[in-house]
Amino acid sequence: MTRPSPPSGSEKTGPDAFALLHRGVQRWVWERRWTSLRPIQEQAIRPIIGGDTDVLLAAATAGGKTEAVFLPVCSVLARDAEHGESTGIQAVCLSPLKALINDQHTRLTDLCARIGIPVTAWHGDIGVIQKDRLREEPSGILLITPESLEAMFVTRGSTVARLFADLRYIVVDELHAFLGTARGAQLRSLMHRLERAAGHRAARIGLSATLADLRAAAEFLRPGEGDRVTILEDRGAGKQLLLQVRGYVADLREDAEGGACDAATGHLYQVVRTGHNMVFVNSRAEAESCAAALSEFAEQDRIPNPFTPHHGSLSAELRAHAEQRLKNRSAPATIVCTATLELGIDVGWVDTVVQLGTPPTVAGLRQRLGRSGRGSAPAKLYVYITEQSLPETPVERLRLDLVQTVAMVELLLRRWCEPPDLETPHLSTLVQQILSVLAQHGGASALRLYRELCADGAFPGVDEQTFADLLRALGAHGIVTQERSGLLLPGKVGETLLNHYSFYSAFDTVEEYTIATVDGDMGTMPISPAVDTGALLAFGGRSWQVVEVKPAERRVLVVPARGEGVPPGFAGVPVPVSDGVRQHMREVYLGTDVPRYLDEAAAILLEEGRMAFREIGLADLHVHEYDGETLLFPWRGDRVVETICHLLRWVGIKAAHAGALVTVPDVPPERLRGAVSRLVKAGPPDPVDLAGMVADKRRHKYDHYLGEELLSRSYAAQALDVPGAMRFLEQLSG
DNA sequence: GACCTGCTGCGGCGTG
């Protein structure tokens with residue numbers, strides 16, 4: 001047998017990067033019959049094998065990132081094993097999804113078995129036998145969720161130092177999914193605590209989708225030293241994109257009778273009835289109703305139904321089944337999904353990606369688009385936007401959804417995406433981490449807590465004074481208690497929190513009913529709004545009748561039914577629209593060119609929106625009176641719009657946030673201008689004072705233990721943008 | 001209108 005020649009090197013890395021890999025790893029590559037490594041895989045070898053720098057690796061989904069990291073990591077581990085140097089877990093890979101851990105475990109097992117490195121998958125669905133095995137003989141690679149690692153610190157804190165004594169690498173998969181979130185703050189703290197327990201630094205390696213600001217992501221990966229992180233980016237070969245935004249009109253007013261989406265659905269059905277496709281929708285209810293509507297078309301056509309819904313309230317089994325149908329190439333399959341399938345769960349390439357309605361974020365749209373375009377085939381994306389027929393109000397005439405979509409597509413084409421908020425300290429998550437460290441060590445002094453959590457940068461921006469205030473608030477709520485010696489311990493309430501498994505996650509969820517059939521559980525639905533016996537539900541792509549509601553057991557029993565069901569009333573909070581998108585919307589209104597990717601109807605809608613924009617006079621003014629209300633158009637992100645509302649309430653004006661605009665009832669523009677002028681003259685209130693006026697400031701899991709003062713400070717930092725709001729109000733008054 | 005993610009230890013019961 002002739003071996004393929006080793007993959008050749010690029011100029012950047014030198015010809016011998018491949019030669020640095022362990023021969024067992026090289027052999028594995030040859031056996032795969034890879035003719036060459038991808039550029040990013042080759043570039044990653046030297047810095048990762050060196051082990052003395054952190055690395056951020058950015059490439060599109062399925063860009064070979066996993067191998068880019070683990071070929072060199074495994075090479076180092078294999079060499080250690082040969083020299084008999086390892087006595088613990090040497091690489092931890094933190095991943096946001098159990099499904100990703102399972103995927104990765106399968107992919108790594110073969111390579112690692114070849115070179116004798118154990119790989120352990122560890123999350124809530126993994127049995128205790130595998131976990132015990134690793135605890136007894138810690139070595140190799142550990143694939144784990146942040147929550148499971150948190151549990152390890154809490155329940156077996158005294159063993160952590162031994163398990164990770166030889167830690168060399170901390171890998172974070174899908175790093176972008178953590179940026180600017182509570183879970184991200186937890187992850188960062190866990191990385192820091194791992195290194196402290198090990199007694200030395202580990203090389204941190206982040207895997208990410210291509211992002212607008214990789215330096216910011218690097219700073220997240222290694223706080224305070226982001227500029228020393230090695231950044232490797234594979235922007236792809238500039239894959240060709242076939243894109244169409246399609247416009248539709250329908251009566252969307254609340255009392256209107258459907259018929260609306262039928263025209264769009266009819267076209268959609270023709271696009272996705274064959275092949276393998278993904279239809280992204282913006283809510284779980286829509287995933288159900290859209291899958292049902294498409295299925296009805298299939299039934300009329302007498303073809304096997306290729307449509308399956310996929311969202312976070314469906315059971316893991318139903319979701320896995322839907323993913324399997326999409327992966328299976330022998331029959332057409334189209335999945336109708338929410339953001340569940342944005343991350344890198346392996347479903348293979350799809351022919352066409354569809355976005356139904358305005359995309360929630362540009363970053364998400366890019367991720368969704370990345371699912372399409374097998375090999376050298378172009379990526380194909382359809383966006384469907386439905387606007388109000390016979391528009392009357394300014395909001396309807398402005399065609400805001402279509403214009404927002406155009407703005408977002410333009411920004412996508414310019415490679416822009418929403419910057420995550422990485423500056424604001426997450427006090428709710430700090431509460432969790434304080435309790436976790438106390439459990440880990442069996443108590444700690446305030447100084448030790450501060451050093452372990454804040455001083456070295458896992459919670460940048462929390463100064464000693466703030467930390468002391470926080471500890472006092474936690475003492476007042478029974479979260480922590482202090483002994484005479486000064487030693488801090490979990491308090492009564494803190495113990496209760498620690499003793500329940502829900503403690504391990506940094507994010508909060510509400511209690512739900514389980515939807516149960518005789519064949520097993522299908523998923524979950526909210527307890528409120530209440531559901532009655534006899535109701536017809538649309539769930540998992542089928543209709544069901546509720547036969548019994550058992551509130552005590554939190555279960556709803558259903559049986560298959562005929563007829564059209566209604567999706568459960570899923571609750572949710574809106575995804576905020578960022579500043580960049582709203583500012584660009586204004587540019588789109590002011591522009592005159594009609595993008596070629598708009599179909600005829602969408603082009604007409606854009607023209608109508610621009611005409612309304614001019615007629616209302618929004619090119620120069622940001623204020624308009626309609627039907628007894630004064631409307632403000634800041635063209636700024638939701639955070640600024642919300643702050644404008646708070647500032648107006650501050651001076652006694654009732655203002656409401658309605659999407660892109662602020663509505664002020666019963667105050668004519670002139671009076672509003674007068675009030676705004678006085679506010680501008682007097683100067684803005686302190687953001688913390690302004691936050692103090694807000695009724696419900698709780699946004700995160702442990703916010704209600706912060707106390708009023710810290711909660712206001714936290715809210716002011718996270719939810720308000722007073723300078724941004726003042727800039728608009730100054731414009732308005734001047 | 002309105003996403004997503006995660007989870008331990010132990011007691012009780014049935015079976016071989």
# chains A, B, ... in the order shown; residues from 1 in each chain; ligands from 1

$ select_by_dssp --residues "stretch 90-260 of chain A" --states "alpha helix (DSSP H)" --output "PyMOL selection string"
chain A and resi 98-115+128-136+146-155+160-163+182-198+214-221

$ closest_atom_pairs --of "chain A" --to "chain B" --cutoff "8 Å" --atoms "only C-alpha atoms (C1' of nucleotides)" --output "CSV"
residue,atom,partner,partner_atom,distance
A:Pro96,CA,B:DT5,C1',6.6
A:Leu97,CA,B:DT5,C1',6.7
A:Gly124,CA,B:DC7,C1',6.1
A:Thr145,CA,B:DG6,C1',7.9
A:Glu147,CA,B:DG6,C1',5.9
A:Ser148,CA,B:DC7,C1',7.3
A:Ala151,CA,B:DT8,C1',7.6
A:Asn282,CA,B:DC3,C1',7.3
A:Ser283,CA,B:DA2,C1',7.0
A:Gly312,CA,B:DC4,C1',7.1
A:Thr338,CA,B:DC3,C1',6.6
A:Ala339,CA,B:DC3,C1',5.3
A:Thr340,CA,B:DC4,C1',6.1
A:His500,CA,B:DT8,C1',7.8
A:Tyr501,CA,B:DC7,C1',5.1
A:Ser502,CA,B:DC7,C1',5.7
A:Phe503,CA,B:DC7,C1',7.8
A:Tyr504,CA,B:DC7,C1',6.3
A:Ser505,CA,B:DG6,C1',5.6
A:Ala571,CA,B:DA2,C1',7.6
A:Gly572,CA,B:DA2,C1',5.1
A:Val573,CA,B:DA2,C1',5.1
A:Pro574,CA,B:DA2,C1',4.2
A:Val575,CA,B:DA2,C1',7.0

$ residues_around --residues "A:Phe633" --least-positions-apart "3" --cutoff "10 Å" --atoms "only C-alpha atoms (C1' of nucleotides)" --output "short mmCIF file (atom, residue, chain, number, x, y, z; two decimals) with N, CA and C atoms, in the first residue's frame"
data_model
loop_
_atom_site.label_atom_id
_atom_site.label_comp_id
_atom_site.auth_asym_id
_atom_site.auth_seq_id
_atom_site.Cartn_x
_atom_site.Cartn_y
_atom_site.Cartn_z
N ARG A 586 -31.90 53.64 9.43
CA ARG A 586 -32.05 55.02 9.00
C ARG A 586 -31.32 55.25 7.66
N LEU A 618 -39.21 62.35 8.45
CA LEU A 618 -38.26 61.77 9.41
C LEU A 618 -36.80 61.97 9.00
N LEU A 621 -36.51 65.39 11.00
CA LEU A 621 -37.07 65.37 12.35
C LEU A 621 -37.08 63.94 12.90
N HIS A 622 -37.20 63.84 14.21
CA HIS A 622 -37.33 62.51 14.81
C HIS A 622 -38.63 62.41 15.59
N VAL A 623 -39.57 63.33 15.28
CA VAL A 623 -40.79 63.38 16.06
C VAL A 623 -41.98 63.54 15.13
N HIS A 624 -43.10 62.92 15.49
CA HIS A 624 -44.27 62.95 14.63
C HIS A 624 -45.52 62.77 15.50
N ARG A 636 -32.17 54.14 17.28
CA ARG A 636 -31.11 53.61 18.14
C ARG A 636 -31.55 52.25 18.69
N VAL A 641 -33.46 53.20 23.47
CA VAL A 641 -34.89 53.51 23.41
C VAL A 641 -35.51 53.36 24.80
N ALA A 660 -39.10 50.04 17.59
CA ALA A 660 -38.09 51.03 17.20
C ALA A 660 -38.40 52.41 17.77
N LEU A 661 -39.66 52.63 18.23
CA LEU A 661 -40.00 53.99 18.62
C LEU A 661 -40.54 54.11 20.04
N VAL A 662 -40.62 55.39 20.46
CA VAL A 662 -41.18 55.73 21.77
C VAL A 662 -42.54 56.37 21.52
N THR A 663 -43.58 55.93 22.22
CA THR A 663 -44.88 56.57 22.08
C THR A 663 -45.21 57.35 23.34
N PHE A 728 -29.71 61.76 21.96
CA PHE A 728 -30.94 61.87 21.17
C PHE A 728 -31.83 63.01 21.68
#

$ residues_around --residues "A:Gly520" --least-positions-apart "4" --cutoff "12 Å" --atoms "only C-alpha atoms (C1' of nucleotides)" --output "ChimeraX atom specification"
/A:315-318,514-516,555-559

$ atom_distance --atom1 "atom CA of A:Thr109" --atom2 "atom CA of A:Ala91"
14.4 Å

$ atom_distance --atom1 "atom CA of A:Glu195" --atom2 "atom CA of A:Gly140"
16.8 Å

$ atom_distance --atom1 "atom CA of A:Phe467" --atom2 "atom CA of A:Ala455"
10.5 Å

$ closest_residue --among "A:Gly541, A:Pro723, A:Gly199, A:Pro146" --to "A:Ala161" --atoms "only C-alpha atoms"
A:Gly199

$ residues_around --residues "A:Ala538" --least-positions-apart "5" --cutoff "7 Å" --atoms "only C-alpha atoms (C1' of nucleotides)" --output "list in words"
Glu288, Ser543, Trp544, Gly565, Val566 and Pro567 of chain A
